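Colleague: Next up, my_file16.txt (compact mmCIF, C-alpha atoms).
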```txt
# COMPACT_ATOMS: atom_id res chain seq x y z
CA MET A 261 66.85 104.43 1.07
CA LYS A 262 68.75 107.33 2.65
CA PRO A 263 66.59 109.01 5.34
CA ILE A 264 64.98 112.31 4.34
CA SER A 265 66.41 115.22 6.30
CA LYS A 266 63.72 116.55 8.63
CA ASP A 267 65.82 119.68 9.14
CA LYS A 268 65.61 120.52 5.45
CA PHE A 269 61.88 119.88 5.38
CA GLU A 270 61.32 122.12 8.40
CA ARG A 271 63.21 124.96 6.77
CA ARG A 272 60.86 124.68 3.82
CA SER A 273 57.83 124.40 6.12
CA ASN A 274 58.81 127.59 7.97
CA ALA A 275 59.45 129.53 4.77
CA GLY A 276 55.93 130.91 4.58
CA LYS A 277 56.27 132.42 8.07
CA ALA A 278 59.10 134.78 7.05
CA SER A 279 58.39 138.49 7.11
CA SER A 280 57.36 139.96 3.78
CA SER A 281 59.91 142.71 4.37
CA SER A 282 62.84 140.23 4.37
CA THR A 283 65.48 140.71 1.69
CA GLY A 284 68.01 138.44 0.08
CA ASN A 285 70.74 140.02 2.23
CA SER A 286 69.22 138.61 5.42
CA THR A 287 70.57 135.09 4.76
CA GLY A 288 74.16 133.93 4.41
CA THR A 289 75.83 132.39 1.39
CA GLY A 290 75.56 128.88 2.80
CA ALA A 291 71.80 129.17 3.24
CA ASN A 292 71.41 130.60 -0.25
CA SER A 293 73.51 127.75 -1.67
CA GLU A 294 71.35 125.15 0.10
CA ARG A 295 68.17 126.87 -1.09
CA ALA A 296 69.53 126.79 -4.65
CA ARG A 297 70.19 123.05 -4.39
CA GLN A 298 66.68 122.44 -3.03
CA HIS A 299 65.20 124.62 -5.78
CA ASN A 300 67.09 122.79 -8.55
CA ARG A 301 66.13 119.41 -7.12
CA LYS A 302 62.49 120.49 -7.21
CA LEU A 303 62.89 121.62 -10.84
CA VAL A 304 64.01 118.10 -11.78
CA LEU A 305 61.24 116.41 -9.79
CA SER A 306 58.68 118.81 -11.28
CA ALA A 307 59.84 117.95 -14.81
CA LEU A 308 59.48 114.24 -14.06
CA GLN A 309 56.07 114.80 -12.47
CA ASP A 310 54.93 116.63 -15.63
CA ALA A 311 56.26 113.74 -17.72
CA TYR A 312 54.27 111.29 -15.58
CA ALA A 313 51.12 113.42 -15.98
CA GLY A 314 51.57 113.03 -19.74
CA ASN A 315 51.99 109.25 -19.35
CA GLY A 316 55.65 109.46 -20.27
CA THR A 317 59.20 109.47 -19.00
CA ALA A 318 62.10 111.85 -19.56
CA GLY A 319 65.83 111.66 -20.25
CA ARG A 320 68.56 113.96 -18.96
CA ALA A 321 68.54 116.23 -21.99
CA GLU A 322 64.76 116.63 -21.89
CA ILE A 323 64.82 117.31 -18.15
CA ALA A 324 67.53 119.92 -18.73
CA ARG A 325 65.38 121.59 -21.38
CA LEU A 326 62.24 121.57 -19.21
CA SER A 327 64.03 122.76 -16.08
CA GLY A 328 66.43 125.27 -17.58
CA LEU A 329 69.36 123.56 -15.86
CA SER A 330 72.58 122.37 -17.49
CA THR A 331 72.81 118.71 -18.46
CA GLN A 332 75.67 118.28 -15.98
CA ALA A 333 73.60 119.79 -13.14
CA VAL A 334 70.71 117.48 -14.05
CA SER A 335 73.05 114.47 -14.03
CA ASN A 336 74.26 115.32 -10.52
CA ILE A 337 70.72 115.79 -9.21
CA ILE A 338 69.54 112.56 -10.85
CA ALA A 339 72.36 110.66 -9.16
CA ASP A 340 71.30 112.07 -5.78
CA LEU A 341 67.59 111.35 -6.34
CA GLU A 342 68.35 107.80 -7.51
CA ALA A 343 70.47 107.20 -4.41
CA ARG A 344 67.57 108.35 -2.23
CA GLY A 345 65.17 106.06 -4.11
CA LEU A 346 62.89 108.90 -5.26
CA ILE A 347 63.42 108.26 -8.98
CA ARG A 348 64.49 105.28 -11.06
CA ALA A 349 65.80 104.48 -14.53
CA CYS A 350 63.20 102.83 -16.77
CA GLY A 351 64.82 101.83 -20.04
CA ARG A 352 66.17 103.75 -23.00
CA ARG A 353 64.62 105.72 -25.84
CA SER A 354 66.15 106.66 -29.16
CA VAL A 355 66.09 110.42 -29.70
CA GLY A 356 68.29 110.69 -32.80
CA ARG A 357 71.89 109.80 -33.46
CA GLY A 358 74.00 108.13 -30.84
CA GLN A 359 73.23 105.79 -27.99
CA PRO A 360 69.56 105.76 -26.87
CA ALA A 361 69.03 108.00 -23.86
CA ILE A 362 68.32 106.53 -20.43
CA GLN A 363 64.79 107.41 -19.33
CA TYR A 364 63.80 108.29 -15.77
CA GLU A 365 60.58 108.34 -13.80
CA ILE A 366 59.44 109.06 -10.27
CA ASN A 367 59.56 105.89 -8.19
CA PRO A 368 56.05 105.69 -6.70
CA ASP A 369 57.18 103.62 -3.73
CA GLY A 370 60.40 105.56 -3.08
CA ALA A 371 58.72 107.51 -0.28
CA TYR A 372 55.26 108.33 1.04
CA ALA A 373 53.32 111.24 2.47
CA LEU A 374 50.95 111.00 5.43
CA GLY A 375 47.88 113.20 5.74
CA PHE A 376 45.22 113.96 8.34
CA GLU A 377 41.98 115.90 8.07
CA VAL A 378 40.27 116.97 11.28
CA ARG A 379 36.52 117.61 11.07
CA PRO A 380 34.14 118.40 13.94
CA ASP A 381 32.97 114.77 14.04
CA ALA A 382 35.92 112.68 12.75
CA VAL A 383 39.62 112.35 11.93
CA PHE A 384 40.47 111.14 8.43
CA CYS A 385 43.86 109.70 7.49
CA THR A 386 45.50 108.97 4.14
CA LEU A 387 48.87 107.63 3.04
CA ILE A 388 49.85 108.36 -0.57
CA ASN A 389 52.80 107.31 -2.70
CA LEU A 390 54.87 109.61 -4.91
CA HIS A 391 52.34 109.29 -7.75
CA GLY A 392 49.66 110.69 -5.45
CA LYS A 393 47.87 107.33 -5.22
CA ALA A 394 46.30 106.52 -1.86
CA VAL A 395 47.56 103.24 -0.43
CA PHE A 396 45.74 103.68 2.89
CA TRP A 397 42.70 105.66 4.02
CA ASP A 398 40.50 105.43 7.08
CA ARG A 399 38.18 107.46 9.30
CA ASN A 400 37.86 107.42 13.08
CA PRO A 401 34.80 109.13 14.60
CA LEU A 402 35.01 111.78 17.33
CA GLN A 403 32.55 112.66 20.05
CA GLN A 404 34.19 116.08 20.19
CA ALA A 405 37.18 117.37 18.20
CA THR A 406 39.28 118.53 21.15
CA PRO A 407 43.09 118.38 20.87
CA GLN A 408 43.23 115.45 23.31
CA ASN A 409 40.68 113.39 21.39
CA VAL A 410 42.24 114.22 18.03
CA ALA A 411 45.76 113.31 19.26
CA GLN A 412 44.62 109.85 20.36
CA GLU A 413 42.98 109.09 17.00
CA MET A 414 45.90 110.48 14.97
CA LEU A 415 48.41 108.23 16.74
CA THR A 416 46.19 105.20 16.17
CA LEU A 417 45.72 106.01 12.49
CA LYS A 418 49.43 106.74 11.96
CA SER A 419 50.31 103.30 13.33
CA GLU A 420 47.74 101.63 11.06
CA ALA A 421 48.88 103.59 7.99
CA LEU A 422 52.56 102.72 8.36
CA GLY A 423 51.72 99.14 9.23
CA ILE A 424 49.81 98.59 5.98
CA ARG A 425 53.13 98.67 4.07
CA ASN A 426 55.41 97.87 7.01
CA LEU A 427 57.03 101.28 6.61
CA SER A 428 59.59 102.90 8.87
CA ALA A 429 59.33 106.60 9.68
CA ASN A 430 62.25 107.50 7.37
CA MET A 431 60.11 106.47 4.39
CA ILE A 432 57.67 109.28 5.21
CA LEU A 433 58.50 112.64 3.62
CA GLY A 434 56.27 114.43 6.10
CA VAL A 435 52.75 114.97 7.35
CA GLY A 436 50.04 117.29 6.14
CA LEU A 437 47.39 118.30 8.68
CA VAL A 438 44.26 120.15 7.63
CA MET A 439 41.27 121.48 9.53
CA PRO A 440 38.56 124.09 9.06
CA GLY A 441 39.55 127.74 9.43
CA PRO A 442 39.81 130.34 10.60
CA PHE A 443 43.15 129.89 12.35
CA GLY A 444 43.46 131.95 15.52
CA ILE A 445 40.82 134.16 17.13
CA THR A 446 39.27 136.40 14.47
CA GLY A 447 36.14 138.39 13.84
CA ILE A 448 34.45 135.34 12.29
CA THR A 449 35.29 132.86 15.06
CA GLY A 450 32.37 131.13 16.78
CA HIS A 451 30.42 129.44 14.00
CA GLN A 452 29.19 125.86 13.76
CA SER A 453 32.11 124.72 11.60
CA ASP A 454 34.75 125.84 14.14
CA LEU A 455 36.74 123.31 16.18
CA PRO A 456 36.72 123.64 19.99
CA GLU A 457 39.82 124.50 22.07
CA TRP A 458 42.21 125.00 19.12
CA GLN A 459 42.45 128.81 18.86
CA ASP A 460 45.49 129.19 21.16
CA ILE A 461 47.45 126.16 19.90
CA ASP A 462 50.40 126.34 17.50
CA VAL A 463 49.08 123.44 15.45
CA ARG A 464 52.27 122.73 13.49
CA ASP A 465 54.45 122.46 16.60
CA TRP A 466 51.77 120.39 18.32
CA ALA A 467 51.54 117.94 15.41
CA GLN A 468 55.31 117.63 14.92
CA GLU A 469 55.83 116.80 18.58
CA LEU A 470 52.93 114.34 18.57
CA LEU A 471 53.88 112.46 15.40
CA ASP A 472 57.68 112.95 15.43
CA LEU A 473 57.57 113.94 11.75
CA PRO A 474 57.88 117.28 9.93
CA CYS A 475 54.45 118.78 9.41
CA LEU A 476 52.65 121.23 7.13
CA VAL A 477 49.35 122.76 8.28
CA GLU A 478 46.64 124.15 6.01
CA ASN A 479 42.94 124.82 6.07
CA ASP A 480 40.79 122.15 4.45
CA ALA A 481 39.91 124.13 1.32
CA ASN A 482 43.58 124.68 0.43
CA ALA A 483 44.29 120.99 0.95
CA ALA A 484 41.35 120.06 -1.28
CA ALA A 485 42.74 122.33 -3.98
CA MET A 486 46.07 120.46 -3.79
CA ALA A 487 44.34 117.07 -4.02
CA GLU A 488 42.57 118.12 -7.20
CA ARG A 489 45.91 119.30 -8.64
CA ILE A 490 47.91 116.19 -7.74
CA SER A 491 45.40 113.60 -8.92
CA GLY A 492 42.03 115.22 -9.65
CA ALA A 493 40.09 117.59 -11.90
CA ALA A 494 42.74 120.35 -11.74
CA ARG A 495 45.62 118.15 -12.83
CA GLY A 496 47.80 120.12 -15.24
CA LEU A 497 46.29 123.50 -14.23
CA ARG A 498 48.36 126.28 -12.68
CA ASP A 499 45.70 128.87 -11.73
CA TYR A 500 42.34 127.71 -10.42
CA ALA A 501 39.94 127.91 -7.49
CA CYS A 502 38.43 125.16 -5.39
CA LEU A 503 35.14 125.47 -3.48
CA TYR A 504 35.38 122.89 -0.73
CA PHE A 505 32.32 121.53 1.05
CA GLY A 506 33.39 120.42 4.53
CA ALA A 507 31.17 121.23 7.48
CA GLY A 508 30.91 124.74 6.03
CA ILE A 509 32.35 125.96 2.75
CA GLY A 510 35.83 127.25 2.03
CA LEU A 511 37.78 128.53 -0.94
CA GLY A 512 41.22 127.34 -1.99
CA ILE A 513 43.04 129.54 -4.50
CA VAL A 514 46.03 128.20 -6.45
CA ASN A 515 48.07 130.90 -8.19
CA ASP A 516 50.87 129.69 -10.49
CA THR A 517 50.83 126.30 -8.66
CA GLN A 518 51.15 127.97 -5.22
CA ILE A 519 48.44 128.21 -2.58
CA LEU A 520 47.29 131.72 -1.73
CA ARG A 521 47.36 131.77 2.08
CA GLY A 522 47.10 135.37 3.24
CA ALA A 523 48.93 136.97 6.16
CA PHE A 524 47.70 134.50 8.82
CA GLY A 525 46.67 131.48 6.74
CA ASN A 526 43.01 132.51 6.53
CA ALA A 527 42.63 133.53 2.88
CA GLY A 528 39.57 131.94 1.32
CA GLU A 529 37.04 132.13 4.17
CA ILE A 530 34.36 132.69 1.55
CA GLY A 531 31.62 131.07 3.62
CA HIS A 532 31.34 134.25 5.68
CA ILE A 533 30.86 136.59 2.70
CA ARG A 534 27.33 137.96 2.33
CA ILE A 535 25.67 137.44 -1.05
CA PRO A 536 22.34 138.67 -2.47
CA MET A 537 19.51 136.12 -2.43
CA PRO A 538 15.80 136.42 -3.33
CA SER A 539 14.88 136.32 0.38
CA GLY A 540 17.54 138.91 1.28
CA PRO A 541 21.32 138.97 1.86
CA ALA A 542 22.80 135.85 3.49
CA ARG A 543 26.18 134.43 4.38
CA LEU A 544 27.23 132.00 1.66
CA GLU A 545 27.64 129.21 4.22
CA GLN A 546 23.98 129.59 5.20
CA VAL A 547 22.77 128.64 1.71
CA LEU A 548 25.60 126.67 0.10
CA SER A 549 27.18 124.10 2.45
CA ARG A 550 26.61 120.75 4.10
CA ILE A 551 25.46 122.55 7.25
CA SER A 552 22.88 124.48 5.25
CA VAL A 553 21.39 121.46 3.45
CA GLN A 554 21.14 119.47 6.68
CA LYS A 555 19.51 122.41 8.45
CA HIS A 556 17.07 122.89 5.58
CA LEU A 557 16.11 119.21 5.64
CA LYS A 558 15.77 119.22 9.45
CA ILE A 559 13.25 122.07 9.24
CA ASN A 560 11.25 119.70 7.04
CA ASP A 561 11.59 116.87 9.61
CA ILE A 562 14.18 115.02 7.49
CA SER A 563 17.48 113.72 8.88
CA ALA A 564 20.42 113.26 6.49
CA GLN A 565 23.67 113.12 8.45
CA THR A 566 25.70 111.13 5.91
CA THR A 567 26.67 111.52 2.28
CA GLU A 568 24.82 108.27 1.54
CA ALA A 569 21.60 109.64 3.07
CA LEU A 570 21.85 112.83 1.02
CA GLU A 571 22.37 110.81 -2.14
CA ALA A 572 19.35 108.64 -1.35
CA HIS A 573 17.15 111.73 -0.93
CA PHE A 574 18.42 113.06 -4.26
CA GLN A 575 17.65 109.79 -6.04
CA SER A 576 14.17 109.89 -4.49
CA GLU A 577 13.79 113.53 -5.55
CA THR A 578 12.81 114.54 -2.03
CA PRO A 579 11.08 117.94 -2.50
CA ALA A 580 12.92 119.64 0.37
CA LEU A 581 16.31 118.66 -1.08
CA MET A 582 15.32 119.73 -4.59
CA ALA A 583 14.24 123.12 -3.19
CA TRP A 584 17.59 123.49 -1.42
CA ILE A 585 19.46 122.71 -4.65
CA ASP A 586 17.52 125.45 -6.47
CA GLN A 587 18.54 128.01 -3.84
CA ALA A 588 22.10 126.70 -3.62
CA ARG A 589 22.49 127.02 -7.38
CA LEU A 590 21.64 130.74 -7.14
CA ALA A 591 24.21 131.16 -4.37
CA LEU A 592 26.83 129.27 -6.37
CA ALA A 593 26.30 131.55 -9.36
CA GLU A 594 26.89 134.61 -7.17
CA ALA A 595 29.99 133.07 -5.60
CA THR A 596 31.34 132.08 -9.02
CA ASN A 597 31.05 135.61 -10.38
CA LEU A 598 32.81 136.99 -7.29
CA ILE A 599 35.67 134.46 -7.46
CA GLU A 600 36.18 134.90 -11.19
CA ASN A 601 36.40 138.68 -11.12
CA LEU A 602 38.69 138.67 -8.08
CA TYR A 603 41.11 135.89 -9.06
CA ASP A 604 40.66 135.14 -12.80
CA PRO A 605 40.98 131.33 -12.40
CA GLU A 606 41.17 128.81 -15.23
CA THR A 607 38.19 127.10 -13.61
CA ILE A 608 36.41 126.62 -10.27
CA VAL A 609 36.33 123.06 -8.92
CA LEU A 610 33.52 121.87 -6.60
CA CYS A 611 34.60 119.12 -4.22
CA GLY A 612 34.27 117.70 -0.73
CA ALA A 613 31.66 116.12 1.52
CA MET A 614 28.70 116.28 -0.83
CA PRO A 615 27.38 113.49 -3.09
CA ALA A 616 28.71 113.62 -6.65
CA VAL A 617 25.14 113.62 -7.97
CA ILE A 618 24.38 116.84 -6.07
CA PHE A 619 27.55 118.50 -7.39
CA ALA A 620 26.51 117.43 -10.89
CA ALA A 621 23.02 118.89 -10.35
CA LEU A 622 24.46 122.20 -9.13
CA VAL A 623 26.75 122.48 -12.16
CA GLN A 624 24.33 121.20 -14.79
CA ASP A 625 21.80 124.04 -14.77
CA LEU A 626 24.06 126.76 -13.37
CA SER A 627 23.14 130.17 -14.80
CA LEU A 628 26.39 132.13 -14.76
CA SER A 629 26.74 135.86 -15.26
CA PRO A 630 28.04 137.00 -18.65
CA HIS A 631 29.72 139.94 -16.88
CA SER A 632 32.87 138.10 -15.87
CA VAL A 633 36.52 138.11 -16.89
CA SER A 634 36.12 134.36 -17.35
CA VAL A 635 33.83 134.88 -20.35
CA ARG A 636 36.34 134.76 -23.19
CA PRO A 637 36.48 133.20 -26.68
CA ASP A 638 39.66 131.18 -26.06
CA ARG A 639 38.23 129.29 -23.08
CA THR A 640 39.10 125.55 -23.12
CA ILE A 641 37.54 124.36 -19.82
CA ASP A 642 34.14 124.97 -18.23
CA ARG A 643 33.95 127.83 -15.76
CA VAL A 644 32.75 125.48 -12.99
CA VAL A 645 33.62 121.77 -12.91
CA GLN A 646 32.97 118.85 -10.60
CA GLY A 647 35.96 117.57 -8.65
CA SER A 648 37.05 113.96 -8.92
CA SER A 649 38.61 113.24 -5.51
CA GLY A 650 35.33 112.52 -3.69
CA PRO A 651 34.51 112.97 0.01
CA MET A 652 38.14 112.25 0.93
CA THR A 653 39.36 115.28 -1.04
CA ALA A 654 40.80 117.28 1.86
CA ALA A 655 42.22 114.17 3.52
CA LEU A 656 44.00 113.27 0.28
CA GLY A 657 45.00 116.91 -0.07
CA SER A 658 46.60 116.91 3.36
CA ALA A 659 49.13 114.34 2.13
CA ALA A 660 49.31 115.99 -1.30
CA LEU A 661 50.56 119.17 0.42
CA VAL A 662 53.75 117.29 1.25
CA LEU A 663 54.24 116.13 -2.35
CA ASN A 664 53.56 119.60 -3.67
CA ASP A 665 56.19 121.01 -1.31
CA GLU A 666 58.68 118.39 -2.48
CA PHE A 667 57.94 118.68 -6.21
CA THR A 668 57.05 122.33 -6.85
CA PRO A 669 59.77 124.99 -7.25
CA LYS A 670 59.16 128.38 -5.67
CA PHE A 671 60.55 131.71 -6.77
CA MET A 672 64.15 131.88 -5.59
CA GLY A 673 63.57 135.36 -4.22
CA SER A 674 60.77 134.20 -1.91
CA SER A 675 61.50 133.33 1.71
```
Just dump the structure as structure tokens.
Modeller:
Amino acid sequence: MKPISKDKFERRSNAGKASSSSTGNSTGTGANSERARQHNRKLVLSALQDAYAGNGTAGRAEIARLSGLSTQAVSNIIADLEARGLIRACGRRSVGRGQPAIQYEINPDGAYALGFEVRPDAVFCTLINLHGKAVFWDRNPLQQATPQNVAQEMLTLKSEALGIRNLSANMILGVGLVMPGPFGITGITGHQSDLPEWQDIDVRDWAQELLDLPCLVENDANAAAMAERISGAARGLRDYACLYFGAGIGLGIVNDTQILRGAFGNAGEIGHIRIPMPSGPARLEQVLSRISVQKHLKINDISAQTTEALEAHFQSETPALMAWIDQARLALAEATNLIENLYDPETIVLCGAMPAVIFAALVQDLSLSPHSVSVRPDRTIDRVVQGSSGPMTAALGSAALVLNDEFTPKFMGSS
């Protein structure tokens, strides 16, 4: 396989940092030509990804129709992608008169994406193939999530991940790294879900130097949203929201397949929004998060530091946990109404470090407001759904960020 150009990946990675006041005249013809080639390549990969999602394959003519490119342009791109090992021919299919058309599909083992999630108490690592399937996942605990401690565990996990398939670095498209927000020093810095000693670090440069691979950096909620799109409950959706339960709670918004990041990468810090509750206004994170349920149980002299412990208390119908669920359900209803009327998503996905049975309980008896733009007669999916990626959602999403960058076209006018 021909090595993936890190230079090209880094240009794409830096695209989101361009000034919003930039115009098309600020780049030369050569750069525009290269961007057009990248864009067209993504159109072809996106068409094949959609075909895979529908359990099918696609020929050149069908790819041309789906992508809006000429058949000749598609043929040239297919030749390049085949040479790089990213796609492969998979037989022929008769589509009318003439010789049956050659069918193509994404080659799942043509390349891989590496992902890391940093939490206050652990580093998670995943390696996924081009179908979004995890071929490696592991977790190393941390005494404290300082940059030095995290670096040591990331290098160890990277070595283990590549060793599982005896992969060389040129088989890795890139690395996704996710961690709780906010990024930088802000007015909401200093809460329990923050990571120590990271505020003054350029995380992307730090990770690229450490791992010697191109890197994308996101907050954990955005990564979780990508995981649910690549291989989870939001597969096939273009506009949706994801409420991610990490240490706290974050919101990932996907608008027309693109993550909504905000000016400094901190869009979606919903855990710090105050909502009305029967006992008085509270920050959402105080009543709807892993931190909040553990704190509530601790007040009642109950320790539940793991997902398995929380699930056991649910199965035993521990009164303190059942009481927390009742309050959390009220908070979730308020958050849902806010998200719907602000962003008009197709659905809201609940995912992250919470037992599936608790997510199911929250959704099952959720009393949602009728005063929402999401209340409409043509609705085809529930307003709130349970995610399907499990506790590893953000870790899977960290690697899925790389695939999304490789497979998803962006508006040509965007930087």
Colleague: Would you compute the distance between CA of Asn597 in chain A and CA of His631 in chain A? Give it in Å to one decimal.
Modeller: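 Separation between CA of Asn597 in chain A and CA of His631 in chain A: 7.9 Å.
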Colleague: Measuring between only C-alpha atoms, which one of A:Gly492, A:Pro615, A:Pro440, A:Gly375 shows the shortest distance to Pro474 in chain A?
Modeller: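 Closest to Pro474 in chain A of all the choices is A:Gly375.
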Colleague: Please identify every residue of range 384-484 of chain A that has at least one atom no farther than 10 Å from an atom of range 665-668 of chain A, counting only C-alpha atoms, and for each give the shortest atom pair and the distance in Å to one decimal, arranged by chain then increasing number, as a tab-separated table.
Modeller:
```
residue	atom	partner	partner_atom	distance
A:Leu390	CA	A:Phe667	CA	9.7
A:Leu433	CA	A:Glu666	CA	8.4
A:Gly434	CA	A:Glu666	CA	9.8
A:Leu476	CA	A:Asp665	CA	9.2
```
Colleague: Can you work out which one of A:Gly506, A:Ile618, A:Glu488, A:Leu570 has the shortest atom-to-atom distance to Glu545 in chain A, counting all atoms listed in the file?
Modeller: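 Nearest candidate to Glu545 in chain A out of A:Gly506, A:Ile618, A:Glu488, A:Leu570: A:Gly506.
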Colleague: Counting all atoms listed in the file, which of A:Pro541, A:Gly496, A:Asn389, A:Trp458 gets nearest to Asp310 in chain A?
Modeller: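 Of A:Pro541, A:Gly496, A:Asn389, A:Trp458, the one nearest Asp310 in chain A is A:Gly496, counting all atoms listed in the file.
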